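A short worksheet on the structure shown next.
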Amino acid sequence: MSEERVFDLAVIGAGINGAGIARDAALRGLDVIILDKNDMCSGCSAISSRLVHGGLRYLEYGEIPLVYESLHERRYLRLTAPHLVDPLRICIPIYEGARRGRFLIRLGMLAYDILSWRKSVPRHRMLSAGRIRDEEPGLASEGLRGAARYYDAQVTFAERLVLENLLAARSAGAEVRTHCEVTGLGVEDGAVSSLVFRDTDGNEQRVAVRSVVNAAGPWVDRVLDAAPSATKRLIGGTKGSHIIVGKFDGAPRDAFYVEAAADGRPFFIIPWYGQYLIGTTDIRYAGDLDKVRASKEEVDYLLDETNRVFPGARLGLDEIHYAYAGLRPLPYQEKGPESAITRRHIIKKNSDIAAGLLSIVGGKLTTYRNLAEQTVDSLGEVLGTRLPPCRTRETELPGAWGIERARDALEALDLLSAEGLERMLAVYGGRASGVAELCASETHLARTIDKDRTVLAAEVVFAIRTELAQTLEDIVFRRLMIGFNADQGRTMYEDVAALAAAEAGWSPKTVAQQLRQLGEYAASLRVGN
């Protein structure tokens, strides 16, 4: 990479915010490079509840503008990423003695409807106790007063949403460098001038830049430590954990948003990827940012509360397929309840360090697009450039078009089961046509690698050639998404490794190392490890 090239913008962090910023900036004509010390979407963006939602709970804290923003961003995402974002029906059971009674929940529902005018999903409904018992017989009935039903949306694969933003950024001219850790920020004459990063071969490289956006999530302060001068702490993230279980006795058909008896905090029980996603917790954390795990206390809390609401479940540790945990990159706040820390994003100009350096504090999966628009607008001022208007409200992500053509191409292969066909479209959208074309042109890849005929061998090669994957962990957990199967896709690891090795030219030693690292990562998600 030549030092003569000067990037208008370097984005540090390839999570949803960084990817969205890189895409928006590249679409507006800026010369962009985005870097991440790991793979894309390997941090905060991967540990959410996988919802695209308005933040009903934020109404309690008066964050009405955030709810309004979130609800409208939900609509834009349904338009631009319909293959990744699906409507989700949610029920709120109302019990005697709960902190949030029928009147308060009804009021919240009305406000939610009003704030989401022009929405594409139905309005809320209030249900009687008898009606909700009939529809959800597994729900605890003692003290049940009724329920509220409303709609939000679900992004089953947040990883794919991040990836498609990166692919769109790359198509618009951005350079994407994952597994490249930033080790230094250069400043000249009071303005940011360069970045130093360690590439995948362990060599340090320097690039000249005109501006930097630090979108490293929980690692924002660590990135700023690489600058030549210090600044105040920005991030005081809280830890959130989820557990994943299979279908249980009395399991609901709809998603449920339930008030926990232990502390009054609402949590979700959500049908997800043929399983149930249960979470989240919200506690302060002061440990190693790179080793965040669901604690026994958090797991017990989620199990106990789910068993209370669905008493037939009788869930225990043995029923947990895996768990994941991470930190929300919220503003640093030394005191006060975790739930009261604002979920609004902050675009912080680090003028005390250098002109042209911005840091992103906070942000939600739902509102990443608007955060990116605001950030790039700010960059126009920083760079002294009149930028074209933002186009991301109406510009579809790469997999959003050609879905029926992709379906026809996959059916023509006659390799996949009906379940496999739907999985391919859910993961790739219209981009599944590229996988089908690879099967047709390289016939040794035209086979499935699992007994249920849901995963194609060509997907592994497709991930390496076109989707920025470099490791087995990248492929299994953030491209093919088989790492989130009930068995974490373990029966396919050897086959995936062989396909990846042939494509990437890995030595037997490298294959063994990759398999070991993949196994260690999968094990880290299993409760008790």
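Following the order of the structure tokens, first chain is A, next is B, and so on, with residues numbered from 1 inside each chain and ligands from 1 in the order they appear.
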
Would you mind listing what lies within 12 Å of A:Ile482 as a VMD selection string, with only C-alpha atoms counted and same-chain residues fewer than 2 positions away left out?
chain A and resid 157 273 420 423 to 424 427 449 to 450 454 to 456 459 to 460 472 to 480 484 to 493 496 522

Which residues are near A:Gly312? Cut-off 12 Å, only C-alpha atoms, ignore same chain within fewer than 4 positions. Put them as a ChimeraX atom specification.
/A:137-141,247-252,306-308

Can you pull out every residue from stretch 72-231 of chain A that DSSP, working from the backbone, puts in alpha helix (DSSP H), and format the result as a ChimeraX atom specification?
/A:72-80,102-115,129-135,158-171,220-224

Would you kindly return, as a list in words, each protein, DNA or RNA residue with an atom no farther than 6 Å from any atom of A:Ser193, considering only C-alpha atoms and excluding same-chain residues fewer than 5 positions away?
Gly186, Val187, Glu188, Ala208, Val209 and Arg210 of chain A

Taking into account only C-alpha atoms, which residue in the set A:Arg28, A:Arg99, A:His444, A:Arg5 is nearest to A:Pro266?
A:Arg99

Within 6 Å of A:Phe256 using only C-alpha atoms, minus same-chain residues under 5 positions, as a VMD selection string:
chain A and resid 90 to 92 268 to 269

Emit the selected residues as a compact mmCIF listing (two decimals), in the first residue's frame, including all heavy atoms.
```txt
# COMPACT_ATOMS: atom_id res chain seq x y z
N ILE A 90 -44.89 -9.72 19.05
CA ILE A 90 -44.42 -9.82 20.43
C ILE A 90 -45.59 -9.65 21.39
O ILE A 90 -46.47 -8.80 21.18
CB ILE A 90 -43.36 -8.74 20.72
CG1 ILE A 90 -42.20 -8.85 19.72
CG2 ILE A 90 -42.84 -8.85 22.16
CD1 ILE A 90 -41.16 -7.74 19.85
N CYS A 91 -45.60 -10.45 22.45
CA CYS A 91 -46.62 -10.35 23.49
C CYS A 91 -45.99 -9.90 24.81
O CYS A 91 -44.90 -10.34 25.15
CB CYS A 91 -47.32 -11.69 23.71
SG CYS A 91 -48.61 -12.05 22.51
N ILE A 92 -46.70 -9.05 25.51
CA ILE A 92 -46.32 -8.63 26.86
C ILE A 92 -47.39 -9.14 27.82
O ILE A 92 -48.50 -8.60 27.85
CB ILE A 92 -46.21 -7.10 26.99
CG1 ILE A 92 -45.24 -6.53 25.96
CG2 ILE A 92 -45.78 -6.72 28.40
CD1 ILE A 92 -45.18 -5.00 25.97
N PHE A 268 -36.45 -10.72 26.98
CA PHE A 268 -37.11 -11.33 25.83
C PHE A 268 -36.98 -12.85 25.84
O PHE A 268 -35.96 -13.40 26.25
CB PHE A 268 -36.51 -10.83 24.52
CG PHE A 268 -36.88 -9.42 24.16
CD1 PHE A 268 -35.98 -8.38 24.37
CD2 PHE A 268 -38.12 -9.12 23.59
CE1 PHE A 268 -36.31 -7.08 24.02
CE2 PHE A 268 -38.46 -7.82 23.25
CZ PHE A 268 -37.54 -6.80 23.47
N ILE A 269 -38.02 -13.52 25.34
CA ILE A 269 -37.99 -14.94 24.99
C ILE A 269 -38.44 -14.97 23.53
O ILE A 269 -39.61 -14.71 23.24
CB ILE A 269 -38.92 -15.77 25.87
CG1 ILE A 269 -38.56 -15.60 27.35
CG2 ILE A 269 -38.88 -17.25 25.47
CD1 ILE A 269 -39.61 -16.17 28.30
```

Strand (DSSP E) residues, from DSSP on the backbone, in stretch 17-51 of chain A, as a list in words:
Val32, Ile33, Ile34, Leu35 and Leu51 of chain A

Correct to one decimal, the distance atom CA of A:His242-atom CA of A:Ala325 is 6.3 Å

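Atom CA of A:Ala174 is positioned 20.6 Å from atom CA of A:Ala81.
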
Would you kindly return, as an NGL selection string, each protein, DNA or RNA residue with an atom no farther than 9 Å from any atom of stretch 348-359 of chain A, considering only C-alpha atoms and excluding same-chain residues fewer than 5 positions away?
:A and (187-193 or 210-216 or 220 or 224 or 227-231 or 234 or 375 or 379 or 382-383)

Could you pull the residues within 9 Å of A:Lys291, counting only C-alpha atoms, minus those fewer than 3 positions along the same chain, as a ChimeraX atom specification?
/A:287-288,326

How many Å lie between atom CA of A:Ser378 and atom CA of A:Arg177, rounded to one decimal?
23.7 Å

Quick one: residues within 10 Å of A:Glu298, only C-alpha atoms, excluding same-chain residues fewer than 6 positions away - as a list in words?
Gly240, Ser241, His242, Ile243, Gly279, Thr280, Thr281, Asp282, Ile283, Asp304 and Ala325 of chain A

Go ahead and save the picked residues with all heavy atoms, as a PDB file, in the first residue's frame.
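This is the output file out-v5.pdb:
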```
ATOM      1  N   GLY A 240     -24.288  -7.588  28.696  1.00  0.00           N
ATOM      2  CA  GLY A 240     -25.543  -8.259  28.385  1.00  0.00           C
ATOM      3  C   GLY A 240     -25.275  -9.688  27.961  1.00  0.00           C
ATOM      4  O   GLY A 240     -24.353  -9.944  27.188  1.00  0.00           O
ATOM      5  N   SER A 241     -26.052 -10.628  28.474  1.00  0.00           N
ATOM      6  CA  SER A 241     -25.875 -12.043  28.144  1.00  0.00           C
ATOM      7  C   SER A 241     -27.188 -12.642  27.650  1.00  0.00           C
ATOM      8  O   SER A 241     -28.275 -12.224  28.053  1.00  0.00           O
ATOM      9  CB  SER A 241     -25.398 -12.819  29.377  1.00  0.00           C
ATOM     10  OG  SER A 241     -24.120 -12.401  29.784  1.00  0.00           O
ATOM     11  N   HIS A 242     -27.054 -13.620  26.762  1.00  0.00           N
ATOM     12  CA  HIS A 242     -28.197 -14.369  26.236  1.00  0.00           C
ATOM     13  C   HIS A 242     -27.900 -15.854  26.321  1.00  0.00           C
ATOM     14  O   HIS A 242     -26.745 -16.268  26.228  1.00  0.00           O
ATOM     15  CB  HIS A 242     -28.461 -14.019  24.765  1.00  0.00           C
ATOM     16  CG  HIS A 242     -28.843 -12.596  24.511  1.00  0.00           C
ATOM     17  ND1 HIS A 242     -27.918 -11.574  24.461  1.00  0.00           N
ATOM     18  CD2 HIS A 242     -30.057 -12.028  24.272  1.00  0.00           C
ATOM     19  CE1 HIS A 242     -28.542 -10.434  24.202  1.00  0.00           C
ATOM     20  NE2 HIS A 242     -29.833 -10.680  24.087  1.00  0.00           N
ATOM     21  N   ILE A 243     -28.944 -16.643  26.455  1.00  0.00           N
ATOM     22  CA  ILE A 243     -28.818 -18.092  26.342  1.00  0.00           C
ATOM     23  C   ILE A 243     -29.694 -18.566  25.187  1.00  0.00           C
ATOM     24  O   ILE A 243     -30.716 -17.940  24.866  1.00  0.00           O
ATOM     25  CB  ILE A 243     -29.211 -18.822  27.645  1.00  0.00           C
ATOM     26  CG1 ILE A 243     -30.657 -18.488  28.057  1.00  0.00           C
ATOM     27  CG2 ILE A 243     -28.243 -18.484  28.763  1.00  0.00           C
ATOM     28  CD1 ILE A 243     -31.162 -19.291  29.251  1.00  0.00           C
ATOM     29  N   GLY A 279     -32.971 -13.404  26.705  1.00  0.00           N
ATOM     30  CA  GLY A 279     -32.080 -12.379  27.264  1.00  0.00           C
ATOM     31  C   GLY A 279     -32.752 -11.019  27.223  1.00  0.00           C
ATOM     32  O   GLY A 279     -33.868 -10.877  26.739  1.00  0.00           O
ATOM     33  N   THR A 280     -32.159 -10.030  27.732  1.00  0.00           N
ATOM     34  CA  THR A 280     -30.755 -10.016  28.082  1.00  0.00           C
ATOM     35  C   THR A 280     -30.598  -9.513  29.512  1.00  0.00           C
ATOM     36  O   THR A 280     -31.578  -9.076  30.132  1.00  0.00           O
ATOM     37  CB  THR A 280     -29.948  -9.112  27.126  1.00  0.00           C
ATOM     38  OG1 THR A 280     -28.569  -9.061  27.463  1.00  0.00           O
ATOM     39  CG2 THR A 280     -30.518  -7.705  27.118  1.00  0.00           C
ATOM     40  N   THR A 281     -29.393  -9.585  30.021  1.00  0.00           N
ATOM     41  CA  THR A 281     -29.072  -9.007  31.318  1.00  0.00           C
ATOM     42  C   THR A 281     -28.495  -7.614  31.110  1.00  0.00           C
ATOM     43  O   THR A 281     -28.243  -7.183  29.985  1.00  0.00           O
ATOM     44  CB  THR A 281     -28.056  -9.893  32.056  1.00  0.00           C
ATOM     45  OG1 THR A 281     -26.874 -10.034  31.235  1.00  0.00           O
ATOM     46  CG2 THR A 281     -28.640 -11.276  32.318  1.00  0.00           C
ATOM     47  N   ASP A 282     -28.256  -6.905  32.193  1.00  0.00           N
ATOM     48  CA  ASP A 282     -27.739  -5.535  32.086  1.00  0.00           C
ATOM     49  C   ASP A 282     -26.992  -5.217  33.381  1.00  0.00           C
ATOM     50  O   ASP A 282     -27.574  -4.726  34.341  1.00  0.00           O
ATOM     51  CB  ASP A 282     -28.901  -4.559  31.873  1.00  0.00           C
ATOM     52  CG  ASP A 282     -28.432  -3.171  31.448  1.00  0.00           C
ATOM     53  OD1 ASP A 282     -27.230  -3.004  31.172  1.00  0.00           O
ATOM     54  OD2 ASP A 282     -29.277  -2.262  31.381  1.00  0.00           O
ATOM     55  N   ILE A 283     -25.691  -5.520  33.406  1.00  0.00           N
ATOM     56  CA  ILE A 283     -24.896  -5.312  34.620  1.00  0.00           C
ATOM     57  C   ILE A 283     -23.590  -4.613  34.277  1.00  0.00           C
ATOM     58  O   ILE A 283     -23.093  -4.706  33.161  1.00  0.00           O
ATOM     59  CB  ILE A 283     -24.597  -6.655  35.337  1.00  0.00           C
ATOM     60  CG1 ILE A 283     -23.809  -7.603  34.412  1.00  0.00           C
ATOM     61  CG2 ILE A 283     -25.888  -7.320  35.799  1.00  0.00           C
ATOM     62  CD1 ILE A 283     -23.398  -8.894  35.068  1.00  0.00           C
ATOM     63  N   ASP A 304     -34.337 -19.137  35.491  1.00  0.00           N
ATOM     64  CA  ASP A 304     -35.376 -19.043  36.528  1.00  0.00           C
ATOM     65  C   ASP A 304     -36.561 -18.215  36.047  1.00  0.00           C
ATOM     66  O   ASP A 304     -37.727 -18.588  36.256  1.00  0.00           O
ATOM     67  CB  ASP A 304     -34.797 -18.417  37.806  1.00  0.00           C
ATOM     68  CG  ASP A 304     -33.812 -19.326  38.516  1.00  0.00           C
ATOM     69  OD1 ASP A 304     -33.770 -20.531  38.183  1.00  0.00           O
ATOM     70  OD2 ASP A 304     -33.079 -18.831  39.401  1.00  0.00           O
ATOM     71  N   ALA A 325     -22.274 -13.393  25.268  1.00  0.00           N
ATOM     72  CA  ALA A 325     -22.284 -12.203  26.112  1.00  0.00           C
ATOM     73  C   ALA A 325     -21.349 -11.161  25.523  1.00  0.00           C
ATOM     74  O   ALA A 325     -20.422 -11.468  24.774  1.00  0.00           O
ATOM     75  CB  ALA A 325     -21.836 -12.557  27.530  1.00  0.00           C
TER      76      ALA A 325
END
```

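In this comparison, which uses only C-alpha atoms, the residue of A:Ala148, A:Leu397, A:Ala523, A:Ala294 approaching A:Arg131 most closely is A:Ala148.
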
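Proximity of A:Glu419, A:Glu204, A:Glu181, A:Glu159 to A:Met481, computed with only C-alpha atoms, is greatest for A:Glu159.
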
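Distances to A:Val11 were evaluated for A:Thr510, A:Gln470, A:Thr448, A:Ser194 using only C-alpha atoms, and the minimum falls at A:Ser194.
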
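Comparing the minimum interatomic distances between A:Leu51 and each of A:Val207, A:Leu525, A:Leu88, A:Leu515, counting only C-alpha atoms, we find that A:Leu88 sits nearest.
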